[in-house]
$ cat work_18.txt   # compact mmCIF, C-alpha atoms
# COMPACT_ATOMS: atom_id res chain seq x y z
CA MET Q 1 -17.70 -28.48 42.55
CA LYS Q 2 -15.91 -29.17 39.26
CA PHE Q 3 -17.50 -26.12 37.62
CA THR Q 4 -16.49 -23.90 40.55
CA ARG Q 5 -12.88 -25.13 40.30
CA LEU Q 6 -12.77 -24.45 36.54
CA LEU Q 7 -14.26 -21.00 37.09
CA SER Q 8 -11.60 -20.26 39.73
CA ILE Q 9 -8.82 -21.37 37.37
CA PHE Q 10 -10.22 -19.20 34.57
CA CYS Q 11 -10.43 -16.17 36.86
CA LEU Q 12 -6.85 -16.74 38.03
CA ILE Q 13 -5.58 -16.94 34.46
CA PHE Q 14 -7.49 -13.79 33.51
CA PHE Q 15 -6.18 -11.96 36.57
CA CYS Q 16 -2.56 -13.00 35.90
CA SER Q 17 -2.88 -11.96 32.26
CA SER Q 18 -4.25 -8.56 33.28
CA VAL Q 19 -1.50 -8.06 35.83
CA CYS Q 20 1.20 -9.04 33.32
CA ASN Q 21 -0.16 -6.56 30.79
CA ALA Q 22 -0.38 -3.85 33.43
CA LEU Q 23 3.24 -4.45 34.42
CA ALA Q 24 4.54 -3.91 30.87
CA GLN Q 25 6.92 -0.97 31.17
CA ALA Q 26 8.77 1.24 28.73
CA PRO Q 27 12.56 1.55 28.95
CA GLN Q 28 13.73 4.20 31.38
CA THR Q 29 16.58 5.26 29.09
CA PRO Q 30 16.85 5.67 25.28
CA LYS Q 31 16.97 2.34 23.44
CA ILE Q 32 17.29 1.15 19.85
CA VAL Q 33 15.53 -2.07 18.90
CA PHE Q 34 17.01 -3.93 15.91
CA PRO Q 35 17.40 -7.38 14.28
CA LEU Q 36 20.72 -9.23 14.45
CA ILE Q 37 21.46 -12.13 12.10
CA ASP Q 38 23.76 -14.92 13.25
CA SER Q 39 24.13 -18.29 11.49
CA GLY Q 40 21.07 -17.67 9.33
CA ASN Q 41 18.79 -16.82 12.25
CA SER Q 42 17.46 -13.33 12.97
CA GLU Q 43 16.68 -12.30 16.54
CA ILE Q 44 15.60 -8.96 18.00
CA TYR Q 45 17.92 -7.03 20.30
CA LEU Q 46 18.07 -3.79 22.25
CA MET Q 47 21.04 -1.45 22.53
CA ASN Q 48 21.90 2.03 23.75
CA PRO Q 49 22.12 4.81 21.13
CA ASP Q 50 25.92 4.50 21.25
CA GLY Q 51 25.80 0.77 20.44
CA THR Q 52 26.61 -0.48 23.95
CA GLU Q 53 24.73 -2.93 26.21
CA GLN Q 54 23.18 -5.12 23.52
CA VAL Q 55 20.48 -7.35 25.01
CA ARG Q 56 18.69 -10.16 23.20
CA LEU Q 57 14.88 -10.09 23.42
CA THR Q 58 13.65 -12.99 21.24
CA HIS Q 59 14.75 -16.62 21.44
CA ASN Q 60 13.24 -18.48 18.53
CA LYS Q 61 14.51 -20.37 15.50
CA ALA Q 62 12.31 -18.20 13.29
CA PHE Q 63 13.37 -15.08 11.37
CA ASP Q 64 12.31 -12.17 13.62
CA VAL Q 65 12.58 -8.78 11.85
CA SER Q 66 11.14 -5.25 11.46
CA PRO Q 67 10.76 -4.33 15.15
CA THR Q 68 9.02 -1.04 15.94
CA TRP Q 69 8.18 0.60 19.26
CA SER Q 70 4.67 1.38 20.40
CA PRO Q 71 4.14 5.14 20.91
CA THR Q 72 4.56 4.77 24.67
CA GLY Q 73 7.47 2.31 24.45
CA GLU Q 74 5.70 -0.42 26.42
CA GLN Q 75 5.46 -2.87 23.51
CA ILE Q 76 7.33 -3.86 20.37
CA LEU Q 77 5.61 -4.91 17.15
CA PHE Q 78 7.59 -7.15 14.80
CA ALA Q 79 7.33 -9.64 11.92
CA SER Q 80 8.22 -13.32 12.25
CA ASP Q 81 7.78 -16.60 10.40
CA ARG Q 82 7.65 -18.63 13.63
CA ASP Q 83 4.27 -20.04 12.51
CA VAL Q 84 5.57 -20.81 8.99
CA VAL Q 85 3.96 -17.77 7.32
CA ARG Q 86 5.54 -14.41 8.14
CA ASP Q 87 3.06 -12.50 10.28
CA LEU Q 88 2.93 -9.77 12.93
CA TYR Q 89 3.59 -10.26 16.65
CA LEU Q 90 3.57 -8.15 19.80
CA MET Q 91 5.82 -8.41 22.83
CA ASP Q 92 6.56 -6.34 25.90
CA ALA Q 93 9.59 -4.06 25.84
CA ASP Q 94 11.58 -6.69 27.75
CA GLY Q 95 10.74 -9.45 25.24
CA LYS Q 96 8.09 -11.16 27.37
CA ASN Q 97 4.44 -11.98 26.56
CA VAL Q 98 4.92 -12.62 22.84
CA LYS Q 99 1.61 -13.04 21.01
CA ARG Q 100 0.39 -12.98 17.42
CA VAL Q 101 -1.70 -9.95 16.48
CA PHE Q 102 -4.17 -11.73 14.18
CA GLY Q 103 -6.15 -14.87 14.78
CA LYS Q 104 -5.89 -15.99 11.16
CA SER Q 105 -2.37 -15.97 9.73
CA ALA Q 106 -1.44 -14.25 6.46
CA ASP Q 107 1.75 -12.89 4.92
CA ARG Q 108 2.05 -9.60 6.81
CA ARG Q 109 5.27 -7.62 7.23
CA HIS Q 110 6.86 -4.15 7.67
CA PRO Q 111 4.51 -2.87 10.41
CA THR Q 112 4.10 0.72 11.62
CA TRP Q 113 2.05 2.11 14.54
CA SER Q 114 -0.49 4.90 14.40
CA PRO Q 115 0.50 7.73 16.79
CA ASP Q 116 -2.47 7.02 19.07
CA GLY Q 117 -1.40 3.38 19.43
CA LYS Q 118 -4.82 2.04 18.40
CA GLN Q 119 -4.01 0.95 14.84
CA ILE Q 120 -1.20 -0.46 12.75
CA ALA Q 121 -0.41 -0.35 9.05
CA TYR Q 122 1.64 -2.98 7.23
CA THR Q 123 2.41 -4.70 3.95
CA ARG Q 124 0.33 -7.76 3.13
CA ARG Q 125 1.39 -10.06 0.32
CA GLU Q 126 -1.40 -11.66 -1.72
CA LEU Q 127 -0.92 -13.69 -4.92
CA GLY Q 128 2.52 -12.22 -5.49
CA LYS Q 129 1.42 -8.60 -5.03
CA SER Q 130 1.88 -6.15 -2.14
CA PHE Q 131 -0.93 -4.17 -0.54
CA ILE Q 132 -1.13 -1.66 2.31
CA TYR Q 133 -3.50 -2.63 5.11
CA ILE Q 134 -4.67 -0.84 8.24
CA ALA Q 135 -5.87 -2.86 11.24
CA SER Q 136 -6.84 -2.37 14.85
CA ILE Q 137 -4.08 -3.35 17.25
CA ASP Q 138 -6.20 -6.25 18.55
CA GLY Q 139 -6.30 -7.70 15.02
CA LYS Q 140 -10.09 -7.82 14.89
CA LYS Q 141 -10.56 -5.28 12.09
CA GLU Q 142 -8.45 -5.26 8.92
CA GLU Q 143 -8.85 -3.11 5.81
CA ARG Q 144 -6.97 -2.91 2.50
CA VAL Q 145 -6.31 0.75 1.64
CA ALA Q 146 -3.75 0.85 -1.20
CA ILE Q 147 -1.48 -1.07 -3.55
CA GLY Q 148 2.13 -0.79 -2.38
CA ALA Q 149 4.60 -1.66 0.35
CA LEU Q 150 6.63 -0.38 3.33
CA PRO Q 151 4.14 1.97 5.01
CA THR Q 152 5.12 4.54 7.64
CA TRP Q 153 2.56 6.51 9.65
CA SER Q 154 2.94 10.30 9.92
CA PRO Q 155 3.45 11.71 13.45
CA ASP Q 156 0.12 13.56 13.37
CA GLY Q 157 -1.74 10.42 12.27
CA THR Q 158 -3.27 11.90 9.13
CA GLU Q 159 -1.10 10.30 6.42
CA ILE Q 160 0.88 7.17 5.56
CA THR Q 161 3.88 7.13 3.23
CA PHE Q 162 4.44 3.99 1.20
CA LEU Q 163 6.16 2.74 -1.96
CA THR Q 164 4.36 2.32 -5.25
CA GLY Q 165 5.29 1.37 -8.78
CA PRO Q 166 7.45 -1.33 -10.39
CA PRO Q 167 11.24 -1.53 -10.08
CA GLU Q 168 13.01 1.27 -12.00
CA ARG Q 169 9.85 3.40 -11.71
CA MET Q 170 9.43 3.35 -7.96
CA GLN Q 171 7.81 6.29 -6.20
CA ILE Q 172 6.99 7.40 -2.68
CA SER Q 173 3.27 8.08 -2.26
CA LEU Q 174 1.24 9.70 0.49
CA LEU Q 175 -2.08 8.21 1.57
CA ASN Q 176 -4.68 10.31 3.38
CA VAL Q 177 -5.86 7.99 6.16
CA SER Q 178 -9.38 9.48 6.27
CA THR Q 179 -10.17 9.76 2.55
CA HIS Q 180 -7.75 7.11 1.16
CA LYS Q 181 -6.73 9.61 -1.54
CA GLN Q 182 -3.15 9.31 -2.77
CA LYS Q 183 -0.56 11.69 -4.15
CA ALA Q 184 3.06 11.31 -5.26
CA LEU Q 185 5.76 12.85 -3.09
CA PHE Q 186 8.09 13.67 -6.00
CA PRO Q 187 6.48 16.21 -8.35
CA LYS Q 188 8.75 15.12 -11.22
CA PRO Q 189 9.92 11.50 -10.79
CA VAL Q 190 13.12 10.62 -12.62
CA LYS Q 191 13.11 8.04 -15.41
CA SER Q 192 15.08 5.44 -13.47
CA SER Q 193 14.39 5.22 -9.78
CA TRP Q 194 14.61 2.64 -7.00
CA MET Q 195 13.43 3.87 -3.60
CA THR Q 196 12.95 2.16 -0.28
CA SER Q 197 12.26 2.70 3.42
CA PRO Q 198 10.50 6.09 3.67
CA ALA Q 199 10.56 7.38 7.26
CA TRP Q 200 8.86 10.46 8.74
CA SER Q 201 10.81 12.89 10.89
CA PRO Q 202 9.39 13.27 14.43
CA SER Q 203 8.21 16.79 13.54
CA GLY Q 204 6.40 15.46 10.45
CA ASP Q 205 7.88 18.01 8.04
CA LYS Q 206 10.54 15.79 6.41
CA ILE Q 207 10.86 12.24 5.06
CA ALA Q 208 14.08 10.24 4.90
CA PHE Q 209 14.51 7.42 2.38
CA ALA Q 210 17.07 5.36 0.45
CA TRP Q 211 17.41 6.01 -3.28
CA VAL Q 212 19.18 4.87 -6.46
CA HIS Q 213 18.52 7.07 -9.50
CA LYS Q 214 21.16 6.10 -12.04
CA ALA Q 215 20.48 3.84 -15.03
CA PRO Q 216 20.79 0.95 -15.37
CA LEU Q 217 20.04 0.43 -11.69
CA GLY Q 218 21.93 -2.87 -11.49
CA ASP Q 219 25.19 -1.19 -12.46
CA PHE Q 220 24.80 1.52 -9.85
CA ALA Q 221 23.26 -0.44 -6.95
CA ASP Q 222 26.10 0.54 -4.63
CA THR Q 223 25.31 4.22 -5.14
CA GLN Q 224 22.11 3.77 -3.13
CA THR Q 225 22.30 6.12 -0.20
CA ILE Q 226 20.20 8.19 2.20
CA TYR Q 227 18.26 11.33 1.27
CA ILE Q 228 15.86 13.68 3.03
CA ILE Q 229 13.05 15.60 1.37
CA ASN Q 230 10.46 18.03 2.70
CA TRP Q 231 6.91 16.80 3.16
CA ASP Q 232 5.78 18.88 0.18
CA GLY Q 233 8.38 17.37 -2.19
CA THR Q 234 10.86 20.26 -2.03
CA GLY Q 235 14.36 20.58 -0.57
CA LEU Q 236 15.86 17.25 -1.62
CA GLN Q 237 19.12 16.68 0.29
CA GLN Q 238 21.66 13.84 0.13
CA ILE Q 239 22.71 12.91 3.67
CA ILE Q 240 25.34 10.19 3.14
CA ASP Q 241 27.97 10.65 0.45
CA ASP Q 242 28.49 7.98 -2.21
CA GLY Q 243 31.02 5.45 -0.92
CA PRO Q 244 32.02 1.80 -0.83
CA GLY Q 245 28.74 0.59 0.65
CA ARG Q 246 25.02 0.67 -0.02
CA GLU Q 247 22.92 2.55 2.54
CA SER Q 248 19.27 1.82 3.33
CA SER Q 249 16.54 1.78 5.99
CA PRO Q 250 16.88 5.20 7.65
CA ALA Q 251 15.31 5.71 11.09
CA TRP Q 252 15.09 9.04 12.92
CA SER Q 253 16.20 9.77 16.44
CA PRO Q 254 13.25 10.84 18.62
CA ARG Q 255 14.79 14.31 18.81
CA GLY Q 256 15.03 14.51 15.01
CA ASP Q 257 18.69 15.50 14.88
CA GLU Q 258 20.21 12.11 13.94
CA LEU Q 259 19.53 9.19 11.61
CA LEU Q 260 20.21 5.49 11.92
CA TYR Q 261 20.79 3.56 8.72
CA THR Q 262 22.05 0.20 7.46
CA GLN Q 263 25.20 -0.04 5.36
CA TYR Q 264 25.72 -3.08 3.15
CA ILE Q 265 29.38 -3.56 2.16
CA ASN Q 266 30.44 -5.81 -0.72
CA GLY Q 267 28.00 -8.55 0.25
CA LYS Q 268 30.17 -9.30 3.28
CA GLN Q 269 28.54 -7.40 6.12
CA MET Q 270 25.56 -5.27 7.03
CA GLN Q 271 26.00 -2.83 9.89
CA ILE Q 272 24.04 -0.09 11.66
CA PHE Q 273 25.45 3.44 11.52
CA LYS Q 274 24.38 6.69 13.13
CA VAL Q 275 24.90 10.14 11.66
CA GLY Q 276 24.10 13.61 12.93
CA LEU Q 277 22.28 15.96 10.60
CA ASP Q 278 24.67 18.78 11.48
CA GLY Q 279 27.32 17.44 9.09
CA GLY Q 280 29.14 15.10 11.47
CA GLU Q 281 30.86 11.89 10.45
CA PRO Q 282 28.85 8.60 10.54
CA VAL Q 283 29.54 6.31 13.51
CA GLN Q 284 29.29 2.50 13.30
CA LEU Q 285 27.24 1.08 16.19
CA THR Q 286 27.34 -2.67 15.61
CA ASN Q 287 29.87 -5.52 15.56
CA PRO Q 288 31.23 -6.64 12.14
CA MET Q 289 31.07 -10.26 13.34
CA PHE Q 290 27.30 -10.26 12.73
CA TRP Q 291 24.78 -8.79 10.28
CA HIS Q 292 22.40 -6.12 11.52
CA PHE Q 293 19.40 -4.20 10.19
CA THR Q 294 18.18 -0.79 11.25
CA GLY Q 295 15.32 -0.95 13.71
CA ASP Q 296 13.56 1.76 15.70
CA TRP Q 297 14.67 4.33 18.29
CA PHE Q 298 12.76 5.08 21.51
CA ASP Q 299 13.47 7.78 24.08
CA PRO Q 300 11.21 8.15 27.15
CA ALA Q 301 11.99 11.88 27.23
CA TYR Q 302 10.06 12.26 23.97
CA ALA Q 303 7.25 9.79 24.65
CA LEU Q 304 3.77 11.11 25.42
CA PRO Q 305 0.69 9.15 26.46
CA VAL Q 306 -1.64 8.35 23.57
CA SER Q 307 -4.72 8.96 25.71
CA PRO Q 308 -5.30 11.24 28.73
CA GLN Q 309 -3.80 9.75 31.89
CA PRO Q 310 -3.93 11.67 35.19
CA GLN Q 311 -0.61 10.30 36.43
CA LEU Q 312 1.14 11.45 33.23
CA LEU Q 313 0.87 14.36 30.83
CA THR Q 314 -2.72 14.91 29.75
CA THR Q 315 -1.78 16.17 26.29
CA MET Q 316 -2.09 13.55 23.58
CA TRP Q 317 0.72 12.77 21.13
CA GLY Q 318 -1.25 13.61 17.99
CA ASP Q 319 -2.26 17.01 19.37
CA VAL Q 320 1.34 17.95 20.13
CA LYS Q 321 2.52 16.87 16.67
CA LYS Q 322 -0.17 18.92 14.94
CA LYS Q 323 0.87 22.04 16.88
CA ASN Q 324 4.50 21.54 15.89

$ encode --input "work_18.txt" --output "structure tokens"
Amino acid sequence: MKFTRLLSIFCLIFFCSSVCNALAQAPQTPKIVFPLIDSGNSEIYLMNPDGTEQVRLTHNKAFDVSPTWSPTGEQILFASDRDVVRDLYLMDADGKNVKRVFGKSADRRHPTWSPDGKQIAYTRRELGKSFIYIASIDGKKEERVAIGALPTWSPDGTEITFLTGPPERMQISLLNVSTHKQKALFPKPVKSSWMTSPAWSPSGDKIAFAWVHKAPLGDFADTQTIYIINWDGTGLQQIIDDGPGRESSPAWSPRGDELLYTQYINGKQMQIFKVGLDGGEPVQLTNPMFWHFTGDWFDPAYALPVSPQPQLLTTMWGDVKKKN
């Protein structure tokens, strides 16, 4: 009798868990997910692409940062130190069903999804050094693939950009996911260079990043701004003019015609801006009362299933990206 009751409880829990996962839904309208810092605590929020209707998703005393959408928009992957060590967590698009990705905690941060939704890449800190790891989304398989930080997966799934090198000699590298071979993005790196936050365009032919290239770097930190370069290292273009603030962390719109970025002004505030790539003026999206970091932009109009589904499009995301 007791065994039967326990079995029934277990089946009920399993059924409820399955139903909850099945009910996870992507936003029906375009949304930006981002961290907001208030009184030393960072929480994850959603907002519309024009900065309106900000909604808080996480409610924890920990520092929740680096949110990124799953390819279908049903889940959000983020980093948090809610279990002391900063590690990676998953939650539904509405902030529910938060769970840690890995069974054994380690210092993991800056996650990125593979286009098929089956794997993630991230920075893992070990003995004061940064390494790039790839893991299955269930956290059961984890592999070190390079020395570096801040990985971003290409839209066709074949490459990962990441940062390599010491300060003042920093470089953006490309990692072939299949062979693990690496190559530098810049054919002729400058003598003094601080780069951060490489981000693939949705079409996969361009990479946006933040860059300081004046020596000494400390004297010119506020000249850091946003650039775009072609995938093959040609066509370098400065997107944001030098100004009073320091720009970083670019993120592409799903359509590929706009960029989000963070502007840091005189150590007093950090705000999210949006700029069109047609030469328009930047627009501030967030409230100066709080500090904000760039997050990730999702639009259901540009989301494709990562595996064939009869009720949706049967073309897979990676196949579409390769054709484009």

$ atom_distance --input "work_18.txt" --atom1 "atom CA of Q:Lys274" --atom2 "atom CA of Q:Ala199"
15.0 Å

$ residues_around --input "work_18.txt" --residues "stretch 253-257 of chain Q" --least-positions-apart "4" --cutoff "9 Å" --atoms "only C-alpha atoms" --output "list in words"
Ser201, Pro202, Ser203, Val275, Gly276, Leu277, Asp278, Asp296, Trp297, Phe298, Asp299, Ala301, Tyr302 and Ala303 of chain Q

$ closest_residue --input "work_18.txt" --among "Q:Ser105, Q:Gln28, Q:Thr225, Q:Thr52" --to "Q:Gln237" --atoms "only C-alpha atoms"
Q:Thr225

$ closest_residue --input "work_18.txt" --among "Q:Tyr227, Q:Tyr122, Q:Trp194, Q:Trp153" --to "Q:Leu174" --atoms "all atoms listed in the file"
Q:Trp153

$ atom_distance --input "work_18.txt" --atom1 "atom CA of Q:Leu260" --atom2 "atom CA of Q:Asp156"
21.7 Å

$ closest_residue --input "work_18.txt" --among "Q:Met91, Q:Trp231, Q:Glu43, Q:Arg56" --to "Q:Ala26" --atoms "all atoms listed in the file"
Q:Met91

$ atom_distance --input "work_18.txt" --atom1 "atom CA of Q:Phe186" --atom2 "atom CA of Q:Pro111"
23.6 Å

$ closest_residue --input "work_18.txt" --among "Q:Ile239, Q:Val283, Q:Ala121, Q:Val85" --to "Q:Arg100" --atoms "only C-alpha atoms"
Q:Val85

$ residues_around --input "work_18.txt" --residues "Q:Ile265" --least-positions-apart "5" --cutoff "7 Å" --atoms "all atoms listed in the file" --output "list of chain:residue names"
Q:Pro244, Q:Gly245, Q:Arg246, Q:Met270

$ closest_residue --input "work_18.txt" --among "Q:Thr179, Q:Thr58, Q:Gln171, Q:Asn97" --to "Q:Leu150" --atoms "only C-alpha atoms"
Q:Gln171

$ closest_residue --input "work_18.txt" --among "Q:Gln25, Q:Gln54, Q:Ser80, Q:Gln119" --to "Q:Leu285" --atoms "all atoms listed in the file"
Q:Gln54

$ residues_near_point --input "work_18.txt" --point "(20.8, -9.5, 20.1)" --cutoff "9 Å" --atoms "all atoms listed in the file" --output "number ranges by chain"
Q: 34-37, 42-47, 54-58

$ residues_around --input "work_18.txt" --residues "Q:Lys104" --least-positions-apart "6" --cutoff "10 Å" --atoms "all atoms listed in the file" --output "PDB file with C-alpha atoms, keeping the file's coordinate frame"
ATOM      1  CA  ASP Q  87       3.060 -12.500  10.280  1.00  0.00           C
ATOM      2  CA  GLY Q 139      -6.300  -7.700  15.020  1.00  0.00           C
ATOM      3  CA  LYS Q 140     -10.090  -7.820  14.890  1.00  0.00           C
TER       4      LYS Q 140
END

$ residues_around --input "work_18.txt" --residues "Q:Ala93" --least-positions-apart "5" --cutoff "6 Å" --atoms "only C-alpha atoms" --output "PDB file with C-alpha atoms, in the coordinates of the input"
ATOM      1  CA  GLU Q  74       5.700  -0.420  26.420  1.00  0.00           C
ATOM      2  CA  GLN Q  75       5.460  -2.870  23.510  1.00  0.00           C
ATOM      3  CA  ILE Q  76       7.330  -3.860  20.370  1.00  0.00           C
TER       4      ILE Q  76
END
